[in-house]
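**Student:** Data file start-v1.cif (mmCIF, C-alpha atoms and all ligand atoms) is appended below.
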data_start
#
loop_
_atom_site.group_PDB
_atom_site.id
_atom_site.type_symbol
_atom_site.label_atom_id
_atom_site.label_comp_id
_atom_site.auth_asym_id
_atom_site.auth_seq_id
_atom_site.Cartn_x
_atom_site.Cartn_y
_atom_site.Cartn_z
ATOM 1 C CA MET D 179 11.635 -10.210 15.465
ATOM 2 C CA HIS D 180 14.521 -8.197 16.840
ATOM 3 C CA THR D 181 12.847 -4.936 17.857
ATOM 4 C CA SER D 182 14.719 -4.019 21.029
ATOM 5 C CA ASP D 183 16.436 -1.076 19.336
ATOM 6 C CA ILE D 184 13.204 0.258 17.887
ATOM 7 C CA ASP D 185 11.576 3.167 19.704
ATOM 8 C CA LEU D 186 8.019 1.906 19.993
ATOM 9 C CA ASP D 187 6.797 5.449 20.639
ATOM 10 C CA ARG D 188 8.018 6.567 17.223
ATOM 11 C CA VAL D 189 6.847 3.779 14.984
ATOM 12 C CA PRO D 190 5.613 5.148 11.632
ATOM 13 C CA GLY D 191 1.834 5.259 11.781
ATOM 14 C CA HIS D 192 1.392 4.645 8.081
ATOM 15 C CA VAL D 193 3.740 2.366 6.170
ATOM 16 C CA ALA D 194 3.305 1.960 2.414
ATOM 17 C CA ILE D 195 5.068 -0.751 0.449
ATOM 18 C CA ILE D 196 5.801 -1.210 -3.242
ATOM 19 C CA MET D 197 6.042 -4.989 -3.387
ATOM 20 C CA ASP D 198 8.443 -5.332 -6.326
ATOM 21 C CA GLY D 199 10.731 -8.014 -7.696
ATOM 22 C CA ASN D 200 8.478 -11.073 -7.941
ATOM 23 C CA GLY D 201 9.391 -11.691 -11.568
ATOM 24 C CA ARG D 202 13.127 -11.423 -10.951
ATOM 25 C CA TRP D 203 12.854 -13.718 -7.921
ATOM 26 C CA ALA D 204 11.194 -16.355 -10.107
ATOM 27 C CA ASN D 205 13.577 -15.879 -13.024
ATOM 28 C CA ALA D 206 16.555 -16.386 -10.740
ATOM 29 C CA ARG D 207 15.136 -19.811 -9.887
ATOM 30 C CA GLY D 208 14.228 -20.759 -13.439
ATOM 31 C CA LEU D 209 10.540 -20.481 -12.556
ATOM 32 C CA PRO D 210 7.746 -18.715 -14.437
ATOM 33 C CA ARG D 211 7.023 -15.136 -13.289
ATOM 34 C CA ASN D 212 3.713 -16.165 -11.762
ATOM 35 C CA ALA D 213 5.531 -18.406 -9.282
ATOM 36 C CA GLY D 214 7.123 -15.200 -8.007
ATOM 37 C CA HIS D 215 3.720 -13.634 -7.442
ATOM 38 C CA GLU D 216 2.639 -16.734 -5.525
ATOM 39 C CA ALA D 217 5.772 -16.590 -3.399
ATOM 40 C CA GLY D 218 4.939 -12.981 -2.544
ATOM 41 C CA GLU D 219 1.922 -14.061 -0.527
ATOM 42 C CA GLN D 220 4.043 -15.299 2.338
ATOM 43 C CA ALA D 221 6.054 -12.087 2.352
ATOM 44 C CA LEU D 222 2.855 -10.074 2.583
ATOM 45 C CA PHE D 223 1.488 -12.016 5.527
ATOM 46 C CA ASP D 224 4.773 -11.986 7.396
ATOM 47 C CA THR D 225 4.965 -8.236 6.845
ATOM 48 C CA VAL D 226 1.411 -7.814 8.145
ATOM 49 C CA GLU D 227 2.418 -9.798 11.239
ATOM 50 C CA GLY D 228 5.493 -7.639 11.719
ATOM 51 C CA ALA D 229 3.454 -4.469 11.328
ATOM 52 C CA LEU D 230 1.011 -5.703 13.962
ATOM 53 C CA GLU D 231 3.877 -6.502 16.339
ATOM 54 C CA LEU D 232 5.313 -3.022 15.908
ATOM 55 C CA GLY D 233 1.955 -1.312 16.311
ATOM 56 C CA VAL D 234 1.764 0.164 12.813
ATOM 57 C CA ARG D 235 -1.758 1.594 12.396
ATOM 58 C CA ASP D 236 -1.990 1.707 8.603
ATOM 59 C CA LEU D 237 -0.283 -0.484 6.040
ATOM 60 C CA THR D 238 -0.853 0.118 2.341
ATOM 61 C CA VAL D 239 0.498 -2.305 -0.251
ATOM 62 C CA TYR D 240 0.712 -1.903 -4.026
ATOM 63 C CA ALA D 241 -0.791 -5.017 -5.582
ATOM 64 C CA PHE D 242 -1.635 -3.902 -9.128
ATOM 65 C CA SER D 243 -1.027 -0.565 -10.805
ATOM 66 C CA THR D 244 -2.980 1.160 -13.566
ATOM 67 C CA GLU D 245 0.159 0.564 -15.666
ATOM 68 C CA ASN D 246 0.258 -3.179 -15.000
ATOM 69 C CA TRP D 247 -2.439 -3.765 -17.671
ATOM 70 C CA LYS D 248 0.471 -3.411 -20.124
ATOM 71 C CA ARG D 249 1.745 -6.848 -19.079
ATOM 72 C CA PRO D 250 1.055 -9.996 -21.119
ATOM 73 C CA ALA D 251 -2.626 -10.968 -20.919
ATOM 74 C CA GLU D 252 -1.734 -14.253 -19.291
ATOM 75 C CA GLU D 253 0.107 -12.544 -16.417
ATOM 76 C CA VAL D 254 -2.684 -9.981 -15.964
ATOM 77 C CA ARG D 255 -5.251 -12.772 -15.797
ATOM 78 C CA PHE D 256 -3.129 -14.600 -13.257
ATOM 79 C CA LEU D 257 -2.766 -11.524 -11.067
ATOM 80 C CA LEU D 258 -6.520 -10.876 -11.084
ATOM 81 C CA GLU D 259 -7.306 -14.473 -10.154
ATOM 82 C CA PHE D 260 -4.498 -14.713 -7.629
ATOM 83 C CA ASN D 261 -5.649 -11.637 -5.749
ATOM 84 C CA GLU D 262 -9.183 -12.964 -5.659
ATOM 85 C CA SER D 263 -8.106 -16.362 -4.347
ATOM 86 C CA LEU D 264 -5.865 -14.729 -1.768
ATOM 87 C CA LEU D 265 -8.842 -12.833 -0.404
ATOM 88 C CA LEU D 266 -10.975 -15.946 -0.337
ATOM 89 C CA ARG D 267 -8.345 -18.035 1.411
ATOM 90 C CA ARG D 268 -6.938 -15.567 3.910
ATOM 91 C CA LEU D 269 -9.522 -12.971 4.773
ATOM 92 C CA ASP D 270 -10.702 -14.798 7.897
ATOM 93 C CA GLU D 271 -7.143 -14.854 9.175
ATOM 94 C CA LEU D 272 -6.804 -11.102 8.712
ATOM 95 C CA ASP D 273 -10.181 -10.622 10.332
ATOM 96 C CA GLU D 274 -9.119 -12.681 13.360
ATOM 97 C CA ARG D 275 -5.961 -10.599 13.706
ATOM 98 C CA GLY D 276 -8.102 -7.461 13.978
ATOM 99 C CA VAL D 277 -7.154 -6.132 10.555
ATOM 100 C CA ARG D 278 -9.554 -3.919 8.636
ATOM 101 C CA VAL D 279 -9.160 -4.443 4.900
ATOM 102 C CA ARG D 280 -9.810 -1.713 2.365
ATOM 103 C CA PHE D 281 -9.147 -1.282 -1.325
ATOM 104 C CA VAL D 282 -7.964 1.814 -3.119
ATOM 105 C CA GLY D 283 -7.958 2.092 -6.885
ATOM 106 C CA ARG D 284 -10.232 2.507 -9.864
ATOM 107 C CA ARG D 285 -13.089 0.055 -9.959
ATOM 108 C CA ASP D 286 -13.465 0.271 -13.716
ATOM 109 C CA ARG D 287 -14.756 -2.303 -16.169
ATOM 110 C CA ARG D 288 -11.395 -3.963 -16.550
ATOM 111 C CA VAL D 289 -11.630 -5.319 -13.019
ATOM 112 C CA PRO D 290 -13.811 -8.459 -13.051
ATOM 113 C CA ARG D 291 -17.179 -8.049 -11.332
ATOM 114 C CA ARG D 292 -16.517 -11.081 -9.162
ATOM 115 C CA LEU D 293 -13.309 -9.576 -7.816
ATOM 116 C CA ILE D 294 -15.071 -6.295 -7.056
ATOM 117 C CA ARG D 295 -17.727 -8.212 -5.181
ATOM 118 C CA ARG D 296 -15.008 -9.981 -3.159
ATOM 119 C CA MET D 297 -13.419 -6.622 -2.374
ATOM 120 C CA ASP D 298 -16.737 -5.236 -1.153
ATOM 121 C CA GLU D 299 -17.411 -8.318 0.957
ATOM 122 C CA SER D 300 -13.918 -8.208 2.449
ATOM 123 C CA GLU D 301 -14.315 -4.562 3.391
ATOM 124 C CA ALA D 302 -17.719 -5.246 4.930
ATOM 125 C CA GLN D 303 -16.582 -8.288 6.914
ATOM 126 C CA THR D 304 -13.635 -6.449 8.483
ATOM 127 C CA ALA D 305 -15.156 -2.968 8.741
ATOM 128 C CA ASP D 306 -15.260 -2.939 12.554
ATOM 129 C CA ASN D 307 -11.687 -4.125 13.123
ATOM 130 C CA GLU D 308 -9.491 -1.546 14.806
ATOM 131 C CA ARG D 309 -6.011 -2.931 15.281
ATOM 132 C CA MET D 310 -4.651 -2.004 11.866
ATOM 133 C CA THR D 311 -5.988 -0.981 8.470
ATOM 134 C CA LEU D 312 -4.505 -2.892 5.542
ATOM 135 C CA ARG D 313 -5.162 -1.064 2.292
ATOM 136 C CA ILE D 314 -4.609 -2.929 -0.910
ATOM 137 C CA ALA D 315 -3.933 -0.670 -3.877
ATOM 138 C CA PHE D 316 -5.470 -2.455 -6.800
ATOM 139 C CA ASN D 317 -5.847 -0.984 -10.284
ATOM 140 C CA TYR D 318 -4.342 1.976 -8.484
ATOM 141 C CA GLY D 319 -2.526 4.932 -9.995
ATOM 142 C CA GLY D 320 -1.694 8.149 -8.178
ATOM 143 C CA ARG D 321 -2.448 10.251 -11.240
ATOM 144 C CA ALA D 322 -5.781 8.515 -11.835
ATOM 145 C CA GLU D 323 -6.673 9.089 -8.187
ATOM 146 C CA LEU D 324 -5.891 12.805 -8.467
ATOM 147 C CA VAL D 325 -7.846 13.108 -11.718
ATOM 148 C CA ASP D 326 -10.807 11.336 -10.126
ATOM 149 C CA ALA D 327 -10.636 13.620 -7.094
ATOM 150 C CA ALA D 328 -10.356 16.727 -9.301
ATOM 151 C CA ARG D 329 -13.409 15.615 -11.276
ATOM 152 C CA ARG D 330 -15.372 15.151 -8.094
ATOM 153 C CA CYS D 331 -14.343 18.621 -6.951
ATOM 154 C CA ALA D 332 -15.537 20.060 -10.281
ATOM 155 C CA ASP D 333 -18.850 18.196 -10.028
ATOM 156 C CA ASP D 334 -19.399 19.386 -6.479
ATOM 157 C CA VAL D 335 -18.581 22.986 -7.393
ATOM 158 C CA ALA D 336 -21.039 22.793 -10.296
ATOM 159 C CA ALA D 337 -23.674 21.376 -7.958
ATOM 160 C CA GLY D 338 -23.089 24.213 -5.510
ATOM 161 C CA GLU D 339 -21.886 21.810 -2.824
ATOM 162 C CA LEU D 340 -18.292 23.039 -2.752
ATOM 163 C CA LYS D 341 -17.109 26.637 -2.716
ATOM 164 C CA ARG D 342 -13.334 26.490 -2.526
ATOM 165 C CA VAL D 343 -11.100 23.902 -4.118
ATOM 166 C CA ASP D 344 -8.253 23.653 -1.641
ATOM 167 C CA GLU D 345 -6.074 20.850 -0.229
ATOM 168 C CA ARG D 346 -8.717 19.804 2.227
ATOM 169 C CA ALA D 347 -11.426 19.610 -0.468
ATOM 170 C CA LEU D 348 -9.232 17.517 -2.744
ATOM 171 C CA ALA D 349 -8.027 15.219 0.052
ATOM 172 C CA ALA D 350 -11.647 14.563 1.019
ATOM 173 C CA ARG D 351 -12.292 13.231 -2.493
ATOM 174 C CA LEU D 352 -9.441 10.737 -2.740
ATOM 175 C CA TYR D 353 -10.304 7.016 -2.879
ATOM 176 C CA ASP D 354 -10.114 6.658 0.899
ATOM 177 C CA PRO D 355 -10.257 10.061 2.586
ATOM 178 C CA GLU D 356 -9.482 8.391 5.911
ATOM 179 C CA MET D 357 -6.068 7.278 4.698
ATOM 180 C CA PRO D 358 -3.456 9.262 6.644
ATOM 181 C CA ALA D 359 -0.294 10.682 5.112
ATOM 182 C CA VAL D 360 2.369 8.043 4.466
ATOM 183 C CA ASP D 361 5.198 8.195 7.019
ATOM 184 C CA LEU D 362 7.445 5.480 5.614
ATOM 185 C CA LEU D 363 7.453 4.216 2.036
ATOM 186 C CA VAL D 364 9.418 1.046 1.332
ATOM 187 C CA ARG D 365 10.237 -0.285 -2.126
ATOM 188 C CA THR D 366 11.870 -3.656 -2.590
ATOM 189 C CA SER D 367 13.986 -5.053 -5.453
ATOM 190 C CA GLY D 368 16.458 -2.191 -5.804
ATOM 191 C CA GLU D 369 14.297 0.063 -7.971
ATOM 192 C CA GLN D 370 14.270 3.649 -6.765
ATOM 193 C CA ARG D 371 11.084 5.168 -8.142
ATOM 194 C CA LEU D 372 7.476 5.713 -7.094
ATOM 195 C CA SER D 373 5.805 4.126 -10.143
ATOM 196 C CA ASN D 374 2.696 6.293 -9.663
ATOM 197 C CA TYR D 375 2.117 5.188 -6.055
ATOM 198 C CA LEU D 376 0.305 7.404 -3.525
ATOM 199 C CA LEU D 377 1.536 10.630 -5.126
ATOM 200 C CA TRP D 378 -0.585 12.813 -2.851
ATOM 201 C CA GLN D 379 -0.313 10.833 0.369
ATOM 202 C CA ALA D 380 3.445 10.213 0.140
ATOM 203 C CA ALA D 381 4.314 13.890 -0.404
ATOM 204 C CA TYR D 382 6.361 13.917 2.834
ATOM 205 C CA ALA D 383 7.064 10.213 3.273
ATOM 206 C CA GLU D 384 10.514 8.980 4.212
ATOM 207 C CA LEU D 385 11.674 6.679 1.411
ATOM 208 C CA VAL D 386 13.532 3.451 2.096
ATOM 209 C CA PHE D 387 14.791 1.299 -0.753
ATOM 210 C CA THR D 388 16.034 -2.230 -0.273
ATOM 211 C CA ASP D 389 17.599 -4.671 -2.719
ATOM 212 C CA THR D 390 15.626 -7.583 -1.247
ATOM 213 C CA LEU D 391 13.199 -9.041 -3.768
ATOM 214 C CA TRP D 392 9.628 -9.007 -2.503
ATOM 215 C CA PRO D 393 9.202 -12.798 -2.008
ATOM 216 C CA ASP D 394 12.252 -12.730 0.311
ATOM 217 C CA PHE D 395 10.952 -9.800 2.386
ATOM 218 C CA THR D 396 10.023 -10.566 6.022
ATOM 219 C CA ARG D 397 9.115 -8.753 9.219
ATOM 220 C CA VAL D 398 12.843 -8.505 9.906
ATOM 221 C CA ASP D 399 13.247 -6.367 6.777
ATOM 222 C CA LEU D 400 10.287 -4.271 7.889
ATOM 223 C CA ALA D 401 11.909 -3.715 11.273
ATOM 224 C CA ARG D 402 15.134 -2.704 9.505
ATOM 225 C CA ALA D 403 13.236 -0.139 7.431
ATOM 226 C CA VAL D 404 11.570 1.230 10.565
ATOM 227 C CA ARG D 405 14.974 1.566 12.204
ATOM 228 C CA GLU D 406 16.231 3.525 9.208
ATOM 229 C CA TYR D 407 13.102 5.692 9.380
ATOM 230 C CA GLN D 408 13.777 6.439 13.037
ATOM 231 C CA ALA D 409 17.263 7.656 12.189
ATOM 232 C CA ARG D 410 15.887 10.304 9.820
ATOM 233 C CA ASP D 411 15.095 13.947 10.608
ATOM 234 C CA ARG D 412 11.610 14.762 9.400
ATOM 235 C CA ARG D 413 11.627 18.501 8.920
ATOM 236 C CA PHE D 414 8.452 19.134 6.914
ATOM 237 C CA GLY D 415 10.021 22.276 5.518
ATOM 238 C CA ARG D 416 11.262 23.651 8.826
ATOM 239 C CA ALA D 417 14.772 24.908 9.424
ATOM 240 C CA VAL D 418 17.259 22.363 10.757
ATOM 241 C CA ASP D 419 17.703 24.229 14.059
ATOM 242 C CA ASP D 420 13.980 24.117 14.658
ATOM 243 C CA VAL D 421 13.630 20.360 14.408
ATOM 244 C CA GLY D 422 14.057 19.542 18.071
ATOM 245 C CA SER D 423 11.299 21.910 19.055
ATOM 246 C CA ALA D 424 9.142 20.676 16.186
ATOM 247 C CA ARG D 425 9.443 17.152 17.448
ATOM 248 C CA SER D 426 8.518 17.938 21.006
ATOM 249 C CA ARG D 427 5.492 19.928 19.908
HETATM 250 C C1 LIG D 501 5.810 -6.906 -8.414
HETATM 251 O O1 LIG D 501 6.751 -7.747 -8.996
HETATM 252 C C2 LIG D 501 4.408 -7.425 -8.553
HETATM 253 C C3 LIG D 501 3.561 -6.640 -9.469
HETATM 254 C C4 LIG D 501 3.923 -5.572 -10.110
HETATM 255 C C5 LIG D 501 2.207 -7.118 -9.641
HETATM 256 P P1 LIG D 501 7.085 -7.659 -10.533
HETATM 257 O O2 LIG D 501 6.160 -8.577 -11.269
HETATM 258 O O3 LIG D 501 7.069 -6.255 -11.009
HETATM 259 O O4 LIG D 501 8.547 -8.240 -10.560
HETATM 260 P P2 LIG D 501 9.768 -7.724 -11.452
HETATM 261 O O5 LIG D 501 9.891 -6.258 -11.215
HETATM 262 O O6 LIG D 501 9.428 -8.036 -12.856
HETATM 263 O O7 LIG D 501 10.935 -8.497 -10.952
HETATM 264 C C1 LIG D 502 4.921 -1.215 -9.260
HETATM 265 O O1 LIG D 502 5.803 -2.184 -9.729
HETATM 266 C C2 LIG D 502 3.547 -1.787 -9.135
HETATM 267 C C3 LIG D 502 3.360 -2.832 -8.144
HETATM 268 C C4 LIG D 502 4.265 -3.268 -7.307
HETATM 269 C C5 LIG D 502 2.050 -3.408 -8.083
HETATM 270 P P1 LIG D 502 6.170 -2.313 -11.262
HETATM 271 O O2 LIG D 502 7.133 -3.428 -11.374
HETATM 272 O O3 LIG D 502 4.929 -2.420 -12.071
HETATM 273 O O4 LIG D 502 6.838 -0.907 -11.558
HETATM 274 P P2 LIG D 502 7.820 -0.471 -12.736
HETATM 275 O O5 LIG D 502 7.136 -0.803 -14.037
HETATM 276 O O6 LIG D 502 9.081 -1.237 -12.589
HETATM 277 O O7 LIG D 502 8.021 0.982 -12.545
HETATM 278 MG MG MG D 503 8.470 -4.812 -11.055
#
Have the structure of the file written as structure tokens, please.
Ligand code: IPE
Ligand code: IPE
Ligand code: MG

**Tutor:**
Amino acid sequence: MHTSDIDLDRVPGHVAIIMDGNGRWANARGLPRNAGHEAGEQALFDTVEGALELGVRDLTVYAFSTENWKRPAEEVRFLLEFNESLLLRRLDELDERGVRVRFVGRRDRRVPRRLIRRMDESEAQTADNERMTLRIAFNYGGRAELVDAARRCADDVAAGELKRVDERALAARLYDPEMPAVDLLVRTSGEQRLSNYLLWQAAYAELVFTDTLWPDFTRVDLARAVREYQARDRRFGRAVDDVGSARSR
């Protein structure tokens, strides 16, 4: 990977990716949509490798949204089974690379019990890994996550365990309270929208959109996105003149 022009001291700590365009990639080749999902596996693992090389601490990928249940039953079934088989086949590899795997999303009845068990086992097996945390957003929706967190706040207030509902209280009740704020959010396939992804955590993320379809995405594309990120001024609401001092703080 060509990383010589990347400032390794300013690599985004948390990169989130909306892996989009599998269906269009397949269609362009006269293949069924599911072949596009299969082709996305290689892109994911090359991206993980690239993230490790760069020293990214947290990588969060969107695998299945709360809206994706609207797809044809056959595609939904494929996606559920594909994600399960991917975990079975490649978890050891992630484990060996020092990657801690976690899942964020609603574990409701629509998600097969067997897949939930695989998720739990994967989290347990890799729990002590420290090089990078790979979060897989599955049956994930930003609105659902905020509703779930708000409900938990309400329950805790009713139980007398929480006095003030503030940002800290809500953040502590998200699916994975340890997940840091997103620094860089990448979406492939030319679409420029969030599609209900990490609405809370990406509040101040730098957004990078690329026309590359997800199955064609590699660590080189990741490095390109990081380069674009490093060219941005992150002001967090401060005045332009203040940015230099903000950065050195
Ligand atoms: C992303 O690719 C994968 C999932 C949403 C599961 P798509 O399946 O959305 O591909 P396009 O957008 O139809 O090309
Ligand atoms: C977002 O992609 C969800 C995932 C990548 C898993 P979609 O393809 O489902 O998003 P929309 O429908 O185009 O907004
Ligand atoms: Mg899509």

**Student:** Take the PyMOL selection byres (((chain D and resi 364) around 6) and not hetatm), apply it to the structure above, and return the hits as a count of residues only.

**Tutor:** 5

**Student:** Using all atoms listed in the file, which of the listed residues (D:Gly218, D:Pro290, D:Gly228, D:Gly208) sits closest to Val189 of chain D?

**Tutor:**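 Ranking D:Gly218, D:Pro290, D:Gly228, D:Gly208 by distance to Val189 of chain D, first place goes to D:Gly228.
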
**Student:** Give, as AutoDock Vina command-line options, the centre coordinates and the x, y and z edge lengths in Å to one decimal for an axis-aligned box around all listed atoms of ligand LIG 501 (chain D), padded by 3 Å on each side.

**Tutor:**
--center_x 6.6 --center_y -7.1 --center_z -10.6 --size_x 14.7 --size_y 9.0 --size_z 10.4

**Student:** Which residues, named as in the file, does the PyMOL selection byres (((chain D and resi 382) around 12) and not hetatm) pick out? Answer as a list in words.

**Tutor:**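 After applying the PyMOL selection byres (((chain D and resi 382) around 12) and not hetatm), what remains is His192, Pro358, Ala359, Val360, Asp361, Leu362, Leu363, Leu376, Leu377, Trp378, Gln379, Ala380, Ala381, Ala383, Glu384, Leu385, Asp411, Arg412, Arg413, Phe414 and Gly415 of chain D.
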
**Student:** To test your reading of the syntax: which residues would the PyMOL selection byres (((chain D and resi 200) around 6) and not hetatm) return for the file shown? Reply as a ChimeraX atom specification.

**Tutor:** /D:198-199,201-203,214-215,392

**Student:** Closest to Leu272 of chain D among D:Phe260, D:Tyr318, D:Phe223, D:Tyr353, using only C-alpha atoms?

**Tutor:**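 Closest candidate: D:Phe223.
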
**Student:** Select the residues contacting ligand LIG 502 (chain D) at a distance of at most 12 Å, based on all atoms listed in the file, then format the selection as a ChimeraX atom specification.

**Tutor:** /D:194-202,211,215,218,238-249,254,257-258,261,283,314-320,364-376,391-393

**Student:** Next, the residues of the selection above should be written as a compact mmCIF listing (two decimals), keeping the file's coordinate frame with C-alpha atoms.

**Tutor:**
# COMPACT_ATOMS: atom_id res chain seq x y z
CA ALA D 194 3.30 1.96 2.41
CA ILE D 195 5.07 -0.75 0.45
CA ILE D 196 5.80 -1.21 -3.24
CA MET D 197 6.04 -4.99 -3.39
CA ASP D 198 8.44 -5.33 -6.33
CA GLY D 199 10.73 -8.01 -7.70
CA ASN D 200 8.48 -11.07 -7.94
CA GLY D 201 9.39 -11.69 -11.57
CA ARG D 202 13.13 -11.42 -10.95
CA ARG D 211 7.02 -15.14 -13.29
CA HIS D 215 3.72 -13.63 -7.44
CA GLY D 218 4.94 -12.98 -2.54
CA THR D 238 -0.85 0.12 2.34
CA VAL D 239 0.50 -2.31 -0.25
CA TYR D 240 0.71 -1.90 -4.03
CA ALA D 241 -0.79 -5.02 -5.58
CA PHE D 242 -1.64 -3.90 -9.13
CA SER D 243 -1.03 -0.56 -10.80
CA THR D 244 -2.98 1.16 -13.57
CA GLU D 245 0.16 0.56 -15.67
CA ASN D 246 0.26 -3.18 -15.00
CA TRP D 247 -2.44 -3.76 -17.67
CA LYS D 248 0.47 -3.41 -20.12
CA ARG D 249 1.74 -6.85 -19.08
CA VAL D 254 -2.68 -9.98 -15.96
CA LEU D 257 -2.77 -11.52 -11.07
CA LEU D 258 -6.52 -10.88 -11.08
CA ASN D 261 -5.65 -11.64 -5.75
CA GLY D 283 -7.96 2.09 -6.88
CA ILE D 314 -4.61 -2.93 -0.91
CA ALA D 315 -3.93 -0.67 -3.88
CA PHE D 316 -5.47 -2.46 -6.80
CA ASN D 317 -5.85 -0.98 -10.28
CA TYR D 318 -4.34 1.98 -8.48
CA GLY D 319 -2.53 4.93 -9.99
CA GLY D 320 -1.69 8.15 -8.18
CA VAL D 364 9.42 1.05 1.33
CA ARG D 365 10.24 -0.28 -2.13
CA THR D 366 11.87 -3.66 -2.59
CA SER D 367 13.99 -5.05 -5.45
CA GLY D 368 16.46 -2.19 -5.80
CA GLU D 369 14.30 0.06 -7.97
CA GLN D 370 14.27 3.65 -6.76
CA ARG D 371 11.08 5.17 -8.14
CA LEU D 372 7.48 5.71 -7.09
CA SER D 373 5.80 4.13 -10.14
CA ASN D 374 2.70 6.29 -9.66
CA TYR D 375 2.12 5.19 -6.06
CA LEU D 376 0.30 7.40 -3.52
CA LEU D 391 13.20 -9.04 -3.77
CA TRP D 392 9.63 -9.01 -2.50
CA PRO D 393 9.20 -12.80 -2.01

**Student:** Name the closest residue to Ala305 of chain D among the candidates D:Ala327, D:Leu293, D:Ala251, D:Val279; distances are taken between atoms, counting all atoms listed in the file.

**Tutor:** D:Val279

**Student:** Quick one: residues within 12 Å of (-12.7, 13.9, -8.4) (file frame), counting only C-alpha atoms, please, as a PyMOL selection string.

**Tutor:** chain D and resi 284+321-335+343+347-353+355

**Student:** Could you check the closest approach to Ile294 of chain D for each of D:Leu265, D:Ala221, D:Val277, D:Leu312 and tell me which residue wins, using only C-alpha atoms?

**Tutor:**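 Under the stated criterion, the closest residue is D:Leu265.
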
**Student:** Between atom CA of Arg295 of chain D and atom CA of Glu259 of chain D, what distance in Å does the model show, to one decimal?

**Tutor:** 13.1 Å
